[in-house]
Amino acid sequence: MTTQELLNKVKNNGRSLQLIYVGTGLPIIGLSPKCDIGELMSINLQAFSYRLYSLKDGEAFVIGRDESCDFVLSEDIRFSRFHCMITLVGKNYYIYDCSLCGTIIK
């Protein structure tokens with residue numbers, strides 16, 4: 001999915017992206033559920049380094065429930081269809097929260 005395609009889908013759902021990380025490393029992120037307070041799932045982005053290193057300009061690595069995501073979460077409705085996205089610009093990774101519930105950096 002391209003960054004622009006995701007932006008359009010998020011905007012069509014009445015949401016906006018929130019930048020939560022800029023850095024050269026791939027952190028562990030925590031996904032928060034819609035109905036609970038706190039973190040429900042941790043994902044070590046190093047596990048996807050082979051895919052994240054190969055991102056081209058304008059591409060995004062998307063995590064969420066939607067089947068078009070690059071990493072599809074379970075059918076658990078506590079997560080957003082497009083929960084967060086990672087882009088690579090130069091040597092920096094940009095991580096955006098696309099959800100209603102939150103994505104945190106550990």
# chains A, B, ... in the order shown; residues from 1 in each chain; ligands from 1
$ residues_around --residues "Ser80 of chain A" --least-positions-apart "2" --cutoff "12 Å" --atoms "only C-alpha atoms" --output "VMD selection string"
chain A and resid 10 13 15 31 to 35 62 to 67 69 72 to 78 82 to 85 97 to 103
$ select_by_dssp --residues "chain A" --states "strand (DSSP E or B)" --output "VMD selection string"
chain A and resid 2 18 to 23 28 to 31 41 to 44 59 61 to 64 71 to 72 84 to 89 92 to 97 103 to 105
$ atom_distance --atom1 "atom CA of Asn12 of chain A" --atom2 "atom CA of Arg81 of chain A"
12.7 Å
$ residues_around --residues "Asn92 of chain A" --least-positions-apart "2" --cutoff "10 Å" --atoms "only C-alpha atoms" --output "PyMOL selection string"
chain A and resi 21-26+87-90+94-95
$ write_last_selection --atoms "all heavy atoms" --output "PDB file, in the first residue's frame"
ATOM      1  N   TYR A  21       7.060   8.684  16.051  1.00  0.00           N
ATOM      2  CA  TYR A  21       8.469   8.296  16.133  1.00  0.00           C
ATOM      3  C   TYR A  21       9.192   8.696  14.858  1.00  0.00           C
ATOM      4  O   TYR A  21       8.669   8.520  13.758  1.00  0.00           O
ATOM      5  CB  TYR A  21       8.574   6.774  16.316  1.00  0.00           C
ATOM      6  CG  TYR A  21       9.986   6.235  16.304  1.00  0.00           C
ATOM      7  CD1 TYR A  21      10.770   6.255  17.451  1.00  0.00           C
ATOM      8  CD2 TYR A  21      10.536   5.701  15.154  1.00  0.00           C
ATOM      9  CE1 TYR A  21      12.065   5.755  17.456  1.00  0.00           C
ATOM     10  CE2 TYR A  21      11.834   5.191  15.138  1.00  0.00           C
ATOM     11  CZ  TYR A  21      12.590   5.220  16.290  1.00  0.00           C
ATOM     12  OH  TYR A  21      13.874   4.731  16.284  1.00  0.00           O
ATOM     13  N   VAL A  22      10.404   9.206  15.025  1.00  0.00           N
ATOM     14  CA  VAL A  22      11.335   9.421  13.920  1.00  0.00           C
ATOM     15  C   VAL A  22      12.690   8.958  14.427  1.00  0.00           C
ATOM     16  O   VAL A  22      13.150   9.413  15.480  1.00  0.00           O
ATOM     17  CB  VAL A  22      11.431  10.901  13.490  1.00  0.00           C
ATOM     18  CG1 VAL A  22      12.459  11.063  12.378  1.00  0.00           C
ATOM     19  CG2 VAL A  22      10.088  11.446  13.055  1.00  0.00           C
ATOM     20  N   GLY A  23      13.328   8.046  13.716  1.00  0.00           N
ATOM     21  CA  GLY A  23      14.633   7.573  14.142  1.00  0.00           C
ATOM     22  C   GLY A  23      15.207   6.576  13.161  1.00  0.00           C
ATOM     23  O   GLY A  23      14.515   6.094  12.265  1.00  0.00           O
ATOM     24  N   THR A  24      16.482   6.253  13.346  1.00  0.00           N
ATOM     25  CA  THR A  24      17.155   5.341  12.441  1.00  0.00           C
ATOM     26  C   THR A  24      16.965   3.873  12.821  1.00  0.00           C
ATOM     27  O   THR A  24      17.208   2.993  12.024  1.00  0.00           O
ATOM     28  CB  THR A  24      18.662   5.645  12.388  1.00  0.00           C
ATOM     29  OG1 THR A  24      19.186   5.566  13.709  1.00  0.00           O
ATOM     30  CG2 THR A  24      18.925   7.021  11.797  1.00  0.00           C
ATOM     31  N   GLY A  25      16.543   3.612  14.045  1.00  0.00           N
ATOM     32  CA  GLY A  25      16.346   2.241  14.496  1.00  0.00           C
ATOM     33  C   GLY A  25      14.905   1.797  14.361  1.00  0.00           C
ATOM     34  O   GLY A  25      14.002   2.603  14.145  1.00  0.00           O
ATOM     35  N   LEU A  26      14.721   0.503  14.477  1.00  0.00           N
ATOM     36  CA  LEU A  26      13.373  -0.072  14.435  1.00  0.00           C
ATOM     37  C   LEU A  26      12.977  -0.456  15.852  1.00  0.00           C
ATOM     38  O   LEU A  26      13.488  -1.423  16.408  1.00  0.00           O
ATOM     39  CB  LEU A  26      13.349  -1.308  13.524  1.00  0.00           C
ATOM     40  CG  LEU A  26      13.505  -1.020  12.036  1.00  0.00           C
ATOM     41  CD1 LEU A  26      13.749  -2.304  11.265  1.00  0.00           C
ATOM     42  CD2 LEU A  26      12.274  -0.312  11.517  1.00  0.00           C
ATOM     43  N   THR A  87       7.062   4.340   7.502  1.00  0.00           N
ATOM     44  CA  THR A  87       7.665   4.733   6.232  1.00  0.00           C
ATOM     45  C   THR A  87       9.157   4.957   6.454  1.00  0.00           C
ATOM     46  O   THR A  87       9.591   5.236   7.570  1.00  0.00           O
ATOM     47  CB  THR A  87       7.037   6.021   5.654  1.00  0.00           C
ATOM     48  OG1 THR A  87       7.256   7.098   6.566  1.00  0.00           O
ATOM     49  CG2 THR A  87       5.563   5.852   5.396  1.00  0.00           C
ATOM     50  N   LEU A  88       9.937   4.833   5.398  1.00  0.00           N
ATOM     51  CA  LEU A  88      11.376   5.085   5.439  1.00  0.00           C
ATOM     52  C   LEU A  88      11.667   6.272   4.540  1.00  0.00           C
ATOM     53  O   LEU A  88      11.345   6.260   3.359  1.00  0.00           O
ATOM     54  CB  LEU A  88      12.142   3.850   4.969  1.00  0.00           C
ATOM     55  CG  LEU A  88      13.662   3.938   4.909  1.00  0.00           C
ATOM     56  CD1 LEU A  88      14.239   4.158   6.308  1.00  0.00           C
ATOM     57  CD2 LEU A  88      14.257   2.678   4.297  1.00  0.00           C
ATOM     58  N   VAL A  89      12.247   7.322   5.120  1.00  0.00           N
ATOM     59  CA  VAL A  89      12.614   8.513   4.362  1.00  0.00           C
ATOM     60  C   VAL A  89      14.102   8.760   4.628  1.00  0.00           C
ATOM     61  O   VAL A  89      14.481   9.070   5.759  1.00  0.00           O
ATOM     62  CB  VAL A  89      11.781   9.747   4.778  1.00  0.00           C
ATOM     63  CG1 VAL A  89      12.220  10.970   3.985  1.00  0.00           C
ATOM     64  CG2 VAL A  89      10.294   9.485   4.583  1.00  0.00           C
ATOM     65  N   GLY A  90      14.904   8.593   3.602  1.00  0.00           N
ATOM     66  CA  GLY A  90      16.344   8.673   3.802  1.00  0.00           C
ATOM     67  C   GLY A  90      16.772   7.528   4.702  1.00  0.00           C
ATOM     68  O   GLY A  90      16.521   6.370   4.411  1.00  0.00           O
ATOM     69  N   TYR A  94       9.730   6.685  10.021  1.00  0.00           N
ATOM     70  CA  TYR A  94       8.643   7.494  10.563  1.00  0.00           C
ATOM     71  C   TYR A  94       7.519   6.527  10.908  1.00  0.00           C
ATOM     72  O   TYR A  94       7.096   5.741  10.055  1.00  0.00           O
ATOM     73  CB  TYR A  94       8.154   8.518   9.544  1.00  0.00           C
ATOM     74  CG  TYR A  94       9.132   9.635   9.274  1.00  0.00           C
ATOM     75  CD1 TYR A  94      10.287   9.418   8.537  1.00  0.00           C
ATOM     76  CD2 TYR A  94       8.887  10.915   9.759  1.00  0.00           C
ATOM     77  CE1 TYR A  94      11.188  10.446   8.297  1.00  0.00           C
ATOM     78  CE2 TYR A  94       9.774  11.950   9.523  1.00  0.00           C
ATOM     79  CZ  TYR A  94      10.926  11.711   8.791  1.00  0.00           C
ATOM     80  OH  TYR A  94      11.817  12.725   8.559  1.00  0.00           O
ATOM     81  N   ILE A  95       7.049   6.580  12.134  1.00  0.00           N
ATOM     82  CA  ILE A  95       5.945   5.721  12.554  1.00  0.00           C
ATOM     83  C   ILE A  95       4.770   6.614  12.910  1.00  0.00           C
ATOM     84  O   ILE A  95       4.905   7.577  13.671  1.00  0.00           O
ATOM     85  CB  ILE A  95       6.342   4.833  13.749  1.00  0.00           C
ATOM     86  CG1 ILE A  95       7.535   3.955  13.361  1.00  0.00           C
ATOM     87  CG2 ILE A  95       5.149   3.966  14.185  1.00  0.00           C
ATOM     88  CD1 ILE A  95       8.066   3.091  14.477  1.00  0.00           C
TER      89      ILE A  95
END
$ residues_around --residues "segment 1-7 of chain A" --least-positions-apart "3" --cutoff "7 Å" --atoms "only C-alpha atoms" --output "list in words"
Val10, Lys11, Gly58, Glu59 and Ala60 of chain A
$ atom_distance --atom1 "atom CA of Leu52 of chain A" --atom2 "atom CA of Gly14 of chain A"
27.4 Å
$ select_by_dssp --residues "segment 1-98 of chain A" --states "alpha helix (DSSP H)" --output "mmCIF file with N, CA and C atoms, in the first residue's frame"
data_model
loop_
_atom_site.group_PDB
_atom_site.id
_atom_site.type_symbol
_atom_site.label_atom_id
_atom_site.label_comp_id
_atom_site.auth_asym_id
_atom_site.auth_seq_id
_atom_site.Cartn_x
_atom_site.Cartn_y
_atom_site.Cartn_z
ATOM 1 N N THR A 3 1.743 5.240 0.755
ATOM 2 C CA THR A 3 1.408 6.166 1.830
ATOM 3 C C THR A 3 0.158 6.957 1.478
ATOM 4 N N GLN A 4 0.047 7.398 0.248
ATOM 5 C CA GLN A 4 -1.106 8.198 -0.160
ATOM 6 C C GLN A 4 -2.395 7.392 -0.110
ATOM 7 N N GLU A 5 -2.347 6.118 -0.503
ATOM 8 C CA GLU A 5 -3.542 5.268 -0.417
ATOM 9 C C GLU A 5 -4.014 5.148 1.032
ATOM 10 N N LEU A 6 -3.067 4.947 1.944
ATOM 11 C CA LEU A 6 -3.440 4.843 3.352
ATOM 12 C C LEU A 6 -3.986 6.161 3.867
ATOM 13 N N LEU A 7 -3.349 7.265 3.507
ATOM 14 C CA LEU A 7 -3.838 8.574 3.938
ATOM 15 C C LEU A 7 -5.275 8.791 3.487
ATOM 16 N N ASN A 8 -5.577 8.402 2.266
ATOM 17 C CA ASN A 8 -6.942 8.545 1.752
ATOM 18 C C ASN A 8 -7.932 7.692 2.545
ATOM 19 N N LYS A 9 -7.552 6.456 2.861
ATOM 20 C CA LYS A 9 -8.446 5.580 3.619
ATOM 21 C C LYS A 9 -8.670 6.113 5.028
ATOM 22 N N VAL A 10 -7.598 6.581 5.665
ATOM 23 C CA VAL A 10 -7.714 7.115 7.022
ATOM 24 C C VAL A 10 -8.573 8.375 7.009
ATOM 25 N N LYS A 11 -8.352 9.251 6.035
ATOM 26 C CA LYS A 11 -9.122 10.496 5.930
ATOM 27 C C LYS A 11 -10.598 10.205 5.676
ATOM 28 N N ASN A 12 -10.878 9.202 4.843
ATOM 29 C CA ASN A 12 -12.262 8.843 4.550
ATOM 30 C C ASN A 12 -12.993 8.321 5.792
ATOM 31 N N SER A 49 12.491 -6.242 9.453
ATOM 32 C CA SER A 49 13.542 -5.389 8.903
ATOM 33 C C SER A 49 13.789 -5.659 7.423
ATOM 34 N N TYR A 50 13.726 -6.906 6.990
ATOM 35 C CA TYR A 50 13.954 -7.229 5.580
ATOM 36 C C TYR A 50 12.943 -6.534 4.687
ATOM 37 N N ARG A 51 11.714 -6.347 5.159
ATOM 38 C CA ARG A 51 10.696 -5.657 4.363
ATOM 39 C C ARG A 51 10.781 -4.148 4.535
ATOM 40 N N LEU A 52 11.093 -3.695 5.743
ATOM 41 C CA LEU A 52 11.148 -2.259 5.998
ATOM 42 C C LEU A 52 12.368 -1.609 5.337
#
$ closest_residue --among "A:Ile20, A:Ile86, A:Ile104, A:Leu55" --to "Met41 of chain A" --atoms "only C-alpha atoms"
A:Ile104
$ atom_distance --atom1 "atom CA of Lys91 of chain A" --atom2 "atom CA of Phe79 of chain A"
29.1 Å
$ residues_around --residues "Ser42 of chain A" --least-positions-apart "3" --cutoff "8 Å" --atoms "only C-alpha atoms" --output "PyMOL selection string"
chain A and resi 28-31+39
